[in-house]
Every structure is written in structure tokens, then in C-alpha cells.
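In what follows, a single structure is set out as C-alpha cells and then discussed.
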Amino acid sequence: PKKCFSNETIAIKNESVTLVGKKGSAIEFKCAPAFVLSSSSSLSLDGLNLSAGSGTMISVVKGKLSVVDCRLVANGEAISAAGRDSHLQVTSSEVAGKGACVISIRDGAKASLMKVKVRAPLAKHGVDIFKGSHVALSQCDISLCQRGLVVYSSGKIKWQDSEILSCKDCGVLLRGCDDFFAKNCRISDCSAVGMEIRGGAPKIEGLQVTSSEVCLKLVDQCKANIVKSSFVGGCGSVVYNSTPIFENCIFEKNSSSGMKVFKSGHPVIKSSQFIRNGLHGVEISGGCNVSILRCSFNDNKGYGCRTKGRVSIRHSKFHQNGLTGFAARSNSMGTIAQTISSQHDGYGFDIGGQSNYSIVDCELRNNDKANMRV
């Protein structure tokens with residue numbers, strides 16, 4: 001039918017049920033949950049518009065749920081899949097909800113989300129993945145939540161070719177994720193943080209974060225491996241008490257420093273660019289030990305690199321930064337080798353504050369005040 005109503009929950013147990021609607025077919029549930037799957041049951045929804053009262057719209061306790069070409073509008077959580085015997089597949093659908101989250105996958109459940117749009121201006125989280133669940137997200141768009149994608153202590157997670165827009169708190173939040181892989185995803189216009197990673201060792205490739213207050217935040221001994229990614233147009237990125245690896249990344253046009261490193265073990269930055277940032281390219285606090293290899297620092301308003309910690313810089317270039325190419329302060333120490341520093345308003349290298357550096361095979365030229373100040 002074009003539209004029908006239900007005042008009761010449909011409980012599916014030891015059964016296989018398929019509901020197929022013509023274009024525009026709708027079912028409005030006055031109750032919630034609308035469907036409960038248990039005891040190895042399965043439910044397939046195809047081409048339907050579903051709405052439900054407050055609470056969880058579809059609860060998968062033990063069974064398989066397939067949603068294809070549907071529109072789900074919940075007055076609470078839209079889909080909940082929990083437990084190792086729960087399987088969820090959502091394809092080419094739009095999902096909206098309110099409350100804690102829109103889609104919840106937890107306790108070892110398995111899920112595949114492909115070409116799914118989550119719009120949830122009244123929800124705290126778009127997609128929650130907890131406690132050993134295994135999930136693949138591809139070509140998904142999540143927008144207008146407080147947090148778009150939240151992953152805690154998960155199993156294997158693959159997030160690719162997807163976008164998160166206009167989240168009020170954080171686009172992506174990861175905590176304790178060692179088997180998380182992201183490829184070719186985009187985060188933009190998040191009010192607080194584009195992506196925050198707390199601990200774990202996720203692998204990220206081809207990520208673009210733009211116009212977020214803080215583009216990237218790594219904390220709690222995070223060992224992320226981030227390659228071929230860009231962080232543009234926010235207030236920069238923060239590394240705190242972490243040991244990440246960055247390779248072939250771009251930090252550009254941030255209103256503050258491109259990257260700030262605090263109290264961190266041994267971050268490694270390779271073959272990356274720090275360009276036209278509003279303060280420094282990289283800012284390193286005391287107690288850090290940072291390795292920089294084959295990087296370029298161009299046209300930053302302050303210093304290319306300013307450090308109070310330990311740093312090793314090799315095969316890198318500093319060019320036309322507003323103040324000085326490299327500046328050392330507060331008893332910092334390290335090595336600079338096979339590096340070029342040129343055409344700065346101040347100095348090529350400025351080694352101050354009783355710092356101790358070994359400088360080997362470097363080229364300093366055409367700096368306004370002096371090529372080096374010690």
C-alpha cells in the first residue's frame with residue numbers, strides 16, 4: 001500500500017521476512033521498536049519509507065538485517081545491532097534519528113554500510129561502533145550530528161570514500177583502535193575537532209580535513225600512521241603525548257601553527273609540507289623528540305619550525321617564512337643536516353636559549369638579518 005500504520009512491534013523469531021515497497025511506500029509505526037530480530041531470524045527491507053515513535057526503530061539481537069533503498073526516520077535510535085550473532089547491511093539508504101545516536105553497532109556485531117546518508121541534527125552521534133564490532137563503511141555521508149563517527153575498542157574497521165560534514169563537536173572520534181583503516185575520506189566544517197584519535201595505532205591514507213577548528217588531535221600515546229593526507233584551513237593539528245608517523249602530508253593555511261607537538265615521545269614527520277600557516281609551520285614544546293625528514297616549510301607567517309624540545313632535521317627546506325627558518329629555544333638540542341634555509345625576513349637558523357645543535361652540510365643563503373644567529 002501507499003501508506004500503512006502499525007500500533008504494535010513486529011517481533012521476528014526463527015523466521016525470514018522480506019518487505020518490498022513500491023516507490024513512495026511508507027509504514028508509520030506508532031510504537032518503538034518497530035522490528036525486533038532474534039533467534040537467527042532475518043529481515044529484508046527494500047524501497048520503503050519507515051518512521052517510528054520514540055526509542056529504537058529496529059533492534060537486531062540475533063539475526064540478519066538488510067536495508068536497501070530505504071528511508072528511515074526514527075524519533076530515537078534508528079538501528080541497533082548488538083552481539084556476535086547480529087549482522088547488518090545497509091545500502092543506498094537515508095537514515096535519520098534523535099537522541100544518543102542514529103546507528104549503533106556493538107558487542108561484536110558485524111556490519112556493512114554502503115552509500116548511506118545519515119542526517120541527524122538532533123542526535124549526539126551519527127554512527128557508534130563499540131566493543132569488538134567489525135564494520136565496513138564505504139561512500140557514506142554523515143552530517144549535522146554532534147559527533148559523526150565514534151569508534152571505541154572495536155574490531156576491524158574499514159572507512160573509505162566517505163564524507164563527514166558540519167558536526168558540532170567532532171567529525172570522527174577513535175579510542176583504542178588498532179585495526180582501523182581509513183582511505184580517501186573527507187571531513188569538513190566541524191566546529192571543534194575534525195578528527196580526534198585517543199590511543200591505538202590506526203592507519204589513515206588520503207584523509208582531507210578542511211575548515212575545522214582543530215583539524216587533527218592525537219592524544220593518549222597514539223601511534224597513528226597517517227599518509228598522503230591534508231589538513232587545511234583550521235587552527236592546525238595537535239599531537240599530545242603521542243608517537244605518530246606522518247608521511248606525504250600537507251598542513252596548509254591554518255590560522256595558527258600547522259602542527260603543535262606537546263609532551264610527545266618520538267613523532268616522525270616525513271616528506272610533508274607546511275605552507276602558508278598563520279603562525280609557525282611546526283611548533284614543538286619541551287620534552288619532545290621529533291624527527292623531520294625531507295620536509296618543506298614555506299611562507300609561514302612566523303617560523304618554519306620553532307622548538308623547545310629535541311629535534312632531528314635532515315634533507316629539508318625552509319624558504320620565505322616570515323621570521324626565521326628554524327628557531328631553537330630553552331635548552332633544546334638536536335641535529336640539522338643536509339638542509340637549506342633561504343630568503344627569510346630574519347635568520348636562516350636562530351639557535352638561542354643555551355641550545356645545543358650539530359649542524360652538518362647545510363646551506364644558508366639570502367636571509368635578511370643574517371644566515372645564522374647563535
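Ordered as shown in the C-alpha cells, chains take letters A, B, and onward, while each chain numbers its residues from 1 and ligands are numbered from 1 in the order shown.
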
Shell of 9 Å around region 339-350 of chain A, only C-alpha atoms, local chain residues under 6 positions omitted, as number ranges by chain: A: 294, 313-329, 360-374

Just to be explicit: take each residue in the selection above, keep C-alpha atoms, and write the result as a CSV table (one decimal), in the first residue's frame.
```csv
chain,number,residue,atom,x,y,z
A,294,ARG,CA,62.6,15.6,3.6
A,313,ILE,CA,66.0,17.6,10.8
A,314,ARG,CA,67.5,16.1,7.6
A,315,HIS,CA,67.2,16.8,3.9
A,316,SER,CA,64.6,19.6,4.4
A,317,LYS,CA,64.0,23.1,3.1
A,318,PHE,CA,63.0,26.3,4.8
A,319,HIS,CA,62.0,29.1,2.4
A,320,GLN,CA,60.5,32.6,2.8
A,321,ASN,CA,59.0,32.2,6.3
A,322,GLY,CA,58.0,35.4,7.9
A,323,LEU,CA,60.5,35.4,10.8
A,324,THR,CA,63.1,32.7,10.6
A,325,GLY,CA,63.5,29.3,9.0
A,326,PHE,CA,64.5,27.3,12.1
A,327,ALA,CA,64.5,28.7,15.7
A,328,ALA,CA,65.7,26.8,18.8
A,329,ARG,CA,64.9,27.9,22.3
A,360,VAL,CA,76.2,19.4,9.1
A,361,ASP,CA,76.3,20.1,5.4
A,362,CYS,CA,73.6,22.8,5.5
A,363,GLU,CA,73.1,25.7,3.0
A,364,LEU,CA,72.0,29.1,4.4
A,365,ARG,CA,71.5,32.0,1.9
A,366,ASN,CA,69.8,35.3,1.3
A,367,ASN,CA,68.3,35.7,4.8
A,368,ASP,CA,67.7,39.4,5.6
A,369,LYS,CA,69.2,39.8,9.1
A,370,ALA,CA,71.8,37.0,9.0
A,371,ASN,CA,72.1,33.5,7.8
A,372,MET,CA,72.7,32.2,11.3
A,373,ARG,CA,72.4,33.7,14.8
A,374,VAL,CA,73.8,31.8,17.8
```

Shell around Phe130 (chain A) at 8 Å using only C-alpha atoms, local window under 2 positions removed, as a PyMOL selection string: chain A and resi 105-108+128+132-133+151-154

Take the residues from that selection and put them in a file with N, CA and C atoms, as a compact mmCIF listing (two decimals), in the first residue's frame.
```txt
# COMPACT_ATOMS: atom_id res chain seq x y z
N ILE A 105 26.32 -0.03 16.55
CA ILE A 105 26.83 -1.37 16.26
C ILE A 105 27.79 -1.72 17.39
N ARG A 106 27.52 -2.78 18.15
CA ARG A 106 28.32 -3.02 19.35
C ARG A 106 28.38 -4.51 19.71
N ASP A 107 29.26 -4.79 20.66
CA ASP A 107 29.38 -6.13 21.26
C ASP A 107 29.65 -7.22 20.22
N GLY A 108 30.53 -6.91 19.25
CA GLY A 108 30.95 -7.93 18.30
C GLY A 108 30.07 -8.08 17.08
N ASP A 128 27.79 4.86 15.91
CA ASP A 128 28.58 4.38 17.03
C ASP A 128 29.03 2.96 16.76
N GLY A 132 34.60 -4.47 19.93
CA GLY A 132 34.92 -5.63 19.12
C GLY A 132 34.07 -5.84 17.89
N SER A 133 33.31 -4.85 17.49
CA SER A 133 32.49 -5.00 16.28
C SER A 133 33.34 -4.81 15.03
N VAL A 151 34.18 5.48 17.33
CA VAL A 151 34.63 4.08 17.36
C VAL A 151 35.44 3.87 18.64
N TYR A 152 34.99 2.95 19.51
CA TYR A 152 35.67 2.63 20.76
C TYR A 152 36.04 1.14 20.78
N SER A 153 37.31 0.84 20.98
CA SER A 153 37.76 -0.53 21.23
C SER A 153 37.11 -1.53 20.27
N SER A 154 37.20 -1.25 19.02
CA SER A 154 36.48 -2.03 18.01
C SER A 154 37.33 -3.19 17.51
```

Polymer residues at most 8 Å from Ser256 (chain A), only C-alpha atoms, same-chain spacing of 4 or more positions, as number ranges by chain: A: 234-236, 277-280

Closest of A:Ser42, A:Ser104, A:Asn184, A:Ser16 to Ser138 (chain A) - atom-to-atom distances counting only C-alpha atoms: A:Asn184

Contacts of Ile359 (chain A) at 9 Å (only C-alpha atoms; same-chain gap of 5+ positions) as an mmCIF file with C-alpha atoms, in the first residue's frame:
```
data_model
loop_
_atom_site.group_PDB
_atom_site.id
_atom_site.type_symbol
_atom_site.label_atom_id
_atom_site.label_comp_id
_atom_site.auth_asym_id
_atom_site.auth_seq_id
_atom_site.Cartn_x
_atom_site.Cartn_y
_atom_site.Cartn_z
ATOM 1 C CA GLY A 334 69.443 18.078 18.157
ATOM 2 C CA THR A 335 70.893 17.767 14.671
ATOM 3 C CA ILE A 336 70.281 19.640 11.429
ATOM 4 C CA ALA A 337 71.847 18.070 8.347
ATOM 5 C CA GLN A 338 71.678 18.449 4.551
#
```

For Cys170 (chain A): contacts at 10 Å, only C-alpha atoms, fewer than 2 positions along chain excluded, given as a list in words: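 After dropping sequence-adjacent residues, the list is His125, Cys145, Gln146, Arg147, Gly148, Leu149, Val150, Ile164, Leu165, Ser166, Cys167, Lys168, Val172, Leu173, Ile187, Asp189, Cys190, Ser191, Ala192, Val193, Gly194, Met195, Glu196, Ser212, Glu213, Val214, Cys215 and Leu216 of chain A.
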
9 Å contact set for Ala78 (chain A), only C-alpha atoms, chain neighbours under 6 positions out, as JSON, numbers by chain: {"A": [52, 55, 56, 57, 58, 59, 72, 95, 96, 97, 98, 101, 102, 103, 104]}

Non-local contacts of Leu50 (chain A) (6 Å; only C-alpha atoms; under 5 positions in same chain excluded) as a CSV table (one decimal) with C-alpha atoms, in the first residue's frame:
```csv
chain,number,residue,atom,x,y,z
A,26,ALA,CA,5.5,4.0,3.7
A,27,ILE,CA,4.9,2.4,7.0
A,28,GLU,CA,4.4,4.5,10.1
A,72,LEU,CA,14.3,5.5,7.9
```

In region 254-291 of chain A, DSSP strand (DSSP E) residues written as a VMD selection string: chain A and resid 259 to 262 268 to 270 273 to 275 282 to 284 289 to 291

Selected residue of minimal separation from Ile79 (chain A) among A:Phe35, A:His266, A:Pro202, A:Pro121, counting only C-alpha atoms: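 Closest candidate: A:Phe35.
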
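In this comparison, which uses only C-alpha atoms, the residue of A:Gly126, A:Gly83, A:Gly155, A:Gly199 approaching Phe180 (chain A) most closely is A:Gly155.
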